[in-house]
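S.K.: Below is the file my_file-v4.csv, with CSV, C-alpha atoms.
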```
chain,number,residue,atom,x,y,z
M,267,MET,CA,-11.0,-44.4,46.8
M,268,THR,CA,-14.1,-45.7,48.5
M,269,GLY,CA,-17.7,-45.9,47.1
M,270,ARG,CA,-18.6,-42.9,49.2
M,271,ASP,CA,-15.8,-40.9,47.7
M,272,LEU,CA,-16.9,-41.9,44.2
M,273,VAL,CA,-20.5,-41.0,44.8
M,274,PHE,CA,-19.4,-37.6,46.3
M,275,ALA,CA,-17.2,-36.9,43.3
M,276,LEU,CA,-20.0,-37.8,40.8
M,277,LEU,CA,-22.5,-35.6,42.7
M,278,GLY,CA,-20.0,-32.8,42.7
M,279,VAL,CA,-19.5,-33.1,38.9
M,280,VAL,CA,-23.3,-33.1,38.4
M,281,ALA,CA,-23.6,-30.0,40.7
M,282,VAL,CA,-20.9,-28.1,38.9
M,283,GLY,CA,-22.1,-29.2,35.4
M,284,ALA,CA,-25.7,-28.1,36.2
M,285,GLY,CA,-24.4,-24.8,37.6
M,286,ALA,CA,-22.5,-24.2,34.4
M,287,LEU,CA,-25.7,-24.9,32.4
M,288,VAL,CA,-27.6,-22.5,34.6
M,289,VAL,CA,-25.5,-19.6,33.5
M,290,THR,CA,-25.0,-20.7,29.8
M,291,THR,CA,-28.4,-21.7,28.7
M,292,ARG,CA,-30.4,-19.2,26.6
M,293,GLN,CA,-33.8,-20.3,28.0
M,294,LEU,CA,-34.8,-18.8,31.3
M,295,VAL,CA,-37.1,-21.6,32.5
M,296,HIS,CA,-34.4,-24.2,31.6
M,297,ALA,CA,-31.9,-22.2,33.7
M,298,ALA,CA,-34.3,-22.4,36.7
M,299,LEU,CA,-34.7,-26.2,36.2
M,300,TRP,CA,-30.9,-26.7,35.9
M,301,LEU,CA,-30.7,-24.8,39.2
M,302,VAL,CA,-33.0,-27.5,40.7
M,303,VAL,CA,-30.6,-30.2,39.5
M,304,SER,CA,-27.6,-28.4,40.9
M,305,PHE,CA,-29.3,-27.9,44.3
M,306,GLY,CA,-30.4,-31.5,44.3
M,307,ALA,CA,-26.9,-32.8,43.7
M,308,LEU,CA,-25.6,-30.5,46.5
M,309,ALA,CA,-28.2,-32.1,48.8
M,310,GLY,CA,-26.9,-35.5,47.8
M,311,CYS,CA,-23.4,-34.3,48.7
M,312,TYR,CA,-24.6,-33.4,52.1
M,313,LEU,CA,-26.2,-36.8,52.5
M,314,VAL,CA,-22.9,-38.5,51.6
M,315,LEU,CA,-21.2,-36.4,54.3
M,316,THR,CA,-23.8,-37.6,56.8
M,317,ALA,CA,-25.3,-34.2,57.3
M,318,GLU,CA,-28.9,-35.2,56.8
M,319,PHE,CA,-30.4,-32.1,58.5
M,320,VAL,CA,-28.5,-29.8,56.1
M,321,ALA,CA,-29.5,-31.9,53.2
M,322,TRP,CA,-33.2,-31.7,54.0
M,323,VAL,CA,-32.9,-28.0,54.6
M,324,GLN,CA,-31.2,-27.7,51.2
M,325,VAL,CA,-34.1,-29.5,49.6
M,326,LEU,CA,-36.9,-27.8,51.5
M,327,ILE,CA,-35.6,-24.2,51.4
M,328,TYR,CA,-33.6,-23.9,48.2
M,329,VAL,CA,-35.4,-26.5,45.9
M,330,GLY,CA,-38.8,-26.1,47.4
M,331,ALA,CA,-38.9,-22.4,48.0
M,332,VAL,CA,-36.3,-20.3,46.2
M,333,VAL,CA,-36.6,-22.1,42.9
M,334,VAL,CA,-40.4,-22.0,43.1
M,335,LEU,CA,-40.1,-18.3,43.8
M,336,LEU,CA,-37.9,-17.8,40.8
M,337,LEU,CA,-40.3,-19.7,38.6
M,338,PHE,CA,-43.2,-17.6,39.9
M,339,GLY,CA,-41.2,-14.5,39.2
M,340,ILE,CA,-40.5,-15.7,35.6
M,341,MET,CA,-44.2,-16.4,35.1
M,342,LEU,CA,-45.5,-13.2,36.7
M,343,THR,CA,-43.2,-10.9,34.7
M,344,ARG,CA,-44.1,-12.7,31.5
M,345,ALA,CA,-40.5,-13.3,30.6
M,346,PRO,CA,-39.9,-15.2,27.3
M,347,VAL,CA,-40.1,-18.9,27.9
M,348,GLY,CA,-38.4,-20.0,24.7
M,349,PRO,CA,-34.9,-19.2,23.4
M,350,SER,CA,-34.1,-15.6,24.0
M,351,GLU,CA,-31.2,-13.8,22.3
M,352,GLY,CA,-31.8,-10.8,24.6
M,353,LEU,CA,-30.3,-12.7,27.5
M,354,ASP,CA,-26.8,-12.7,25.9
M,355,SER,CA,-25.1,-9.3,26.2
M,356,GLY,CA,-22.1,-10.4,24.2
M,357,ASN,CA,-19.7,-9.8,27.1
M,358,ARG,CA,-18.7,-13.4,27.6
M,359,TRP,CA,-15.0,-12.7,27.9
M,360,ALA,CA,-15.5,-9.9,30.4
M,361,ALA,CA,-17.9,-12.2,32.4
M,362,LEU,CA,-15.3,-15.0,32.3
M,363,ALA,CA,-12.6,-12.6,33.6
M,364,VAL,CA,-14.8,-11.4,36.4
M,365,ALA,CA,-15.8,-15.0,37.3
M,366,LEU,CA,-12.1,-16.2,37.4
M,367,GLY,CA,-11.2,-13.1,39.4
M,368,THR,CA,-14.0,-13.8,41.9
M,369,ALA,CA,-13.0,-17.5,42.2
M,370,VAL,CA,-9.3,-16.5,42.8
M,371,LEU,CA,-10.5,-14.0,45.5
M,372,LEU,CA,-12.7,-16.5,47.2
M,373,VAL,CA,-10.0,-19.2,47.2
M,374,THR,CA,-7.5,-16.7,48.6
M,375,VAL,CA,-9.8,-15.6,51.4
M,376,LEU,CA,-10.6,-19.2,52.3
M,377,VAL,CA,-7.0,-20.3,52.4
M,378,MET,CA,-6.0,-17.2,54.4
M,379,GLY,CA,-8.9,-17.6,56.8
M,380,PHE,CA,-8.5,-21.3,57.5
M,381,ARG,CA,-4.8,-21.8,57.0
M,382,TRP,CA,-4.2,-22.9,60.6
M,383,THR,CA,-7.4,-24.7,61.2
M,384,ALA,CA,-7.3,-28.5,61.1
M,385,LEU,CA,-10.2,-30.4,59.7
M,386,ASN,CA,-10.4,-32.6,62.8
M,387,ASP,CA,-10.7,-29.9,65.4
M,388,ALA,CA,-14.4,-30.5,66.0
M,389,PRO,CA,-15.2,-33.2,68.6
M,390,ARG,CA,-16.0,-36.5,66.9
M,391,CYS,CA,-17.7,-39.5,68.5
M,392,ALA,CA,-19.2,-42.7,67.4
M,393,PRO,CA,-23.0,-42.5,66.7
M,394,ASP,CA,-23.7,-44.9,69.6
M,395,ALA,CA,-21.4,-43.2,72.1
M,396,ALA,CA,-23.3,-42.3,75.3
M,397,SER,CA,-20.8,-39.6,76.3
M,398,CYS,CA,-20.9,-37.7,73.0
M,399,PRO,CA,-21.2,-33.9,73.4
M,400,ALA,CA,-24.3,-32.4,71.9
M,401,LYS,CA,-22.5,-30.1,69.6
M,402,ALA,CA,-20.3,-32.8,68.0
M,403,ASN,CA,-20.6,-33.9,64.4
M,404,GLY,CA,-22.5,-30.9,63.1
M,405,SER,CA,-25.7,-31.6,65.1
M,406,ALA,CA,-29.0,-30.0,64.5
M,407,GLU,CA,-28.6,-28.2,67.8
M,408,HIS,CA,-25.3,-26.7,66.8
M,409,LEU,CA,-26.7,-25.6,63.4
M,410,GLY,CA,-29.8,-24.2,65.0
M,411,GLU,CA,-27.8,-22.1,67.4
M,412,ALA,CA,-25.6,-20.7,64.6
M,413,VAL,CA,-28.6,-19.8,62.4
M,414,PHE,CA,-30.8,-18.3,65.1
M,415,ARG,CA,-28.1,-16.5,67.1
M,416,THR,CA,-25.3,-15.6,64.7
M,417,TRP,CA,-27.1,-15.4,61.3
M,418,VAL,CA,-30.6,-14.3,62.2
M,419,LEU,CA,-30.3,-10.8,60.9
M,420,PRO,CA,-28.9,-11.8,57.4
M,421,PHE,CA,-31.6,-14.5,57.2
M,422,GLU,CA,-34.4,-12.0,57.9
M,423,VAL,CA,-32.9,-9.4,55.5
M,424,LEU,CA,-32.8,-12.1,52.8
M,425,SER,CA,-36.5,-13.0,53.4
M,426,VAL,CA,-37.5,-9.3,53.2
M,427,LEU,CA,-35.6,-9.0,49.9
M,428,LEU,CA,-37.2,-12.1,48.4
M,429,LEU,CA,-40.7,-10.8,49.5
M,430,ALA,CA,-40.0,-7.4,47.9
M,431,ALA,CA,-38.9,-9.1,44.7
M,432,LEU,CA,-42.1,-11.1,44.6
M,433,VAL,CA,-44.3,-8.1,45.2
M,434,GLY,CA,-42.3,-6.2,42.5
M,435,ALA,CA,-42.9,-9.0,40.0
M,436,ILE,CA,-46.6,-9.0,40.8
M,437,VAL,CA,-46.8,-5.2,40.4
M,438,LEU,CA,-44.9,-5.3,37.1
M,439,SER,CA,-47.1,-8.1,35.7
M,440,ARG,CA,-50.4,-6.3,36.4
M,441,THR,CA,-51.8,-4.8,33.2
M,442,ASP,CA,-55.1,-3.7,34.8
M,443,LEU,CA,-53.5,-0.8,36.7
M,444,PRO,CA,-54.2,2.7,35.3
M,445,THR,CA,-51.1,4.5,34.1
M,446,ARG,CA,-50.4,7.9,35.5
M,447,ARG,CA,-49.9,10.6,32.8
M,448,GLY,CA,-48.8,14.1,33.0
M,449,ARG,CA,-45.7,13.6,35.2
```
Please go through the file and, once you have read it, give me the structure as structure tokens.
M.R.:
Amino acid sequence: MTGRDLVFALLGVVAVGAGALVVTTRQLVHAALWLVVSFGALAGCYLVLTAEFVAWVQVLIYVGAVVVLLLFGIMLTRAPVGPSEGLDSGNRWAALAVALGTAVLLVTVLVMGFRWTALNDAPRCAPDAASCPAKANGSAEHLGEAVFRTWVLPFEVLSVLLLAALVGAIVLSRTDLPTRRGR
């Protein structure tokens, strides 16, 4: 085991541990902050895998935008900041069963989908090679083509959904709006 493997494993443990704390903590703001730790550890994993572009996108988009949007949503809806017993529905065993079932389903789909794909099918070259194809090694060009050609519609749908959630949080938090009676 090399030093890179050890750092990757440690970052993976931090990401999984912080993810577990996101869903088990009873304080909403702490859950959002543990999400920042999980996303940061995941960005570190990308750096260890020499995918610097993806790591910076992870930091800028998820840590810098999504978590800030979640925190604004928490503040604007005036959710309880301290410990809240209302966040626990008492269905821990059902939630655990659903989580395990989902994990088994995802692993099954991944194994069935990538059974015949070798990890070294992508063209690989040395960083200083002059004849290296542009789409090798997960380049920014290759990722940009995938995002803006293949995944542009889901990306835009997600942005509209996040915008609607923010507008909804603002509307719900406003107390100066007159209430409509008689309906």
S.K.: Atom CA of Gln324 of chain M to atom CA of Leu308 of chain M: how many Å, to one decimal?
M.R.: 7.8 Å
S.K.: Just to confirm, what's the straight-line distance from atom CA of Phe338 of chain M to atom CA of Pro420 of chain M in Å (one decimal)?
M.R.: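 Answer for the atom CA of Phe338 of chain M to atom CA of Pro420 of chain M separation: 23.3 Å.
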S.K.: Counting all atoms listed in the file, figure out which residue out of M:Gly339, M:Gly410, M:Gly356, M:Gly379 gets nearest to Leu438 of chain M.
M.R.: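 Of all the options, M:Gly339 lies closest to Leu438 of chain M.
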S.K.: For atom CA of Ala321 of chain M and atom CA of Ala309 of chain M, quote the distance in Å rounded to one decimal.
M.R.: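 Distance between the two atoms: 4.6 Å.
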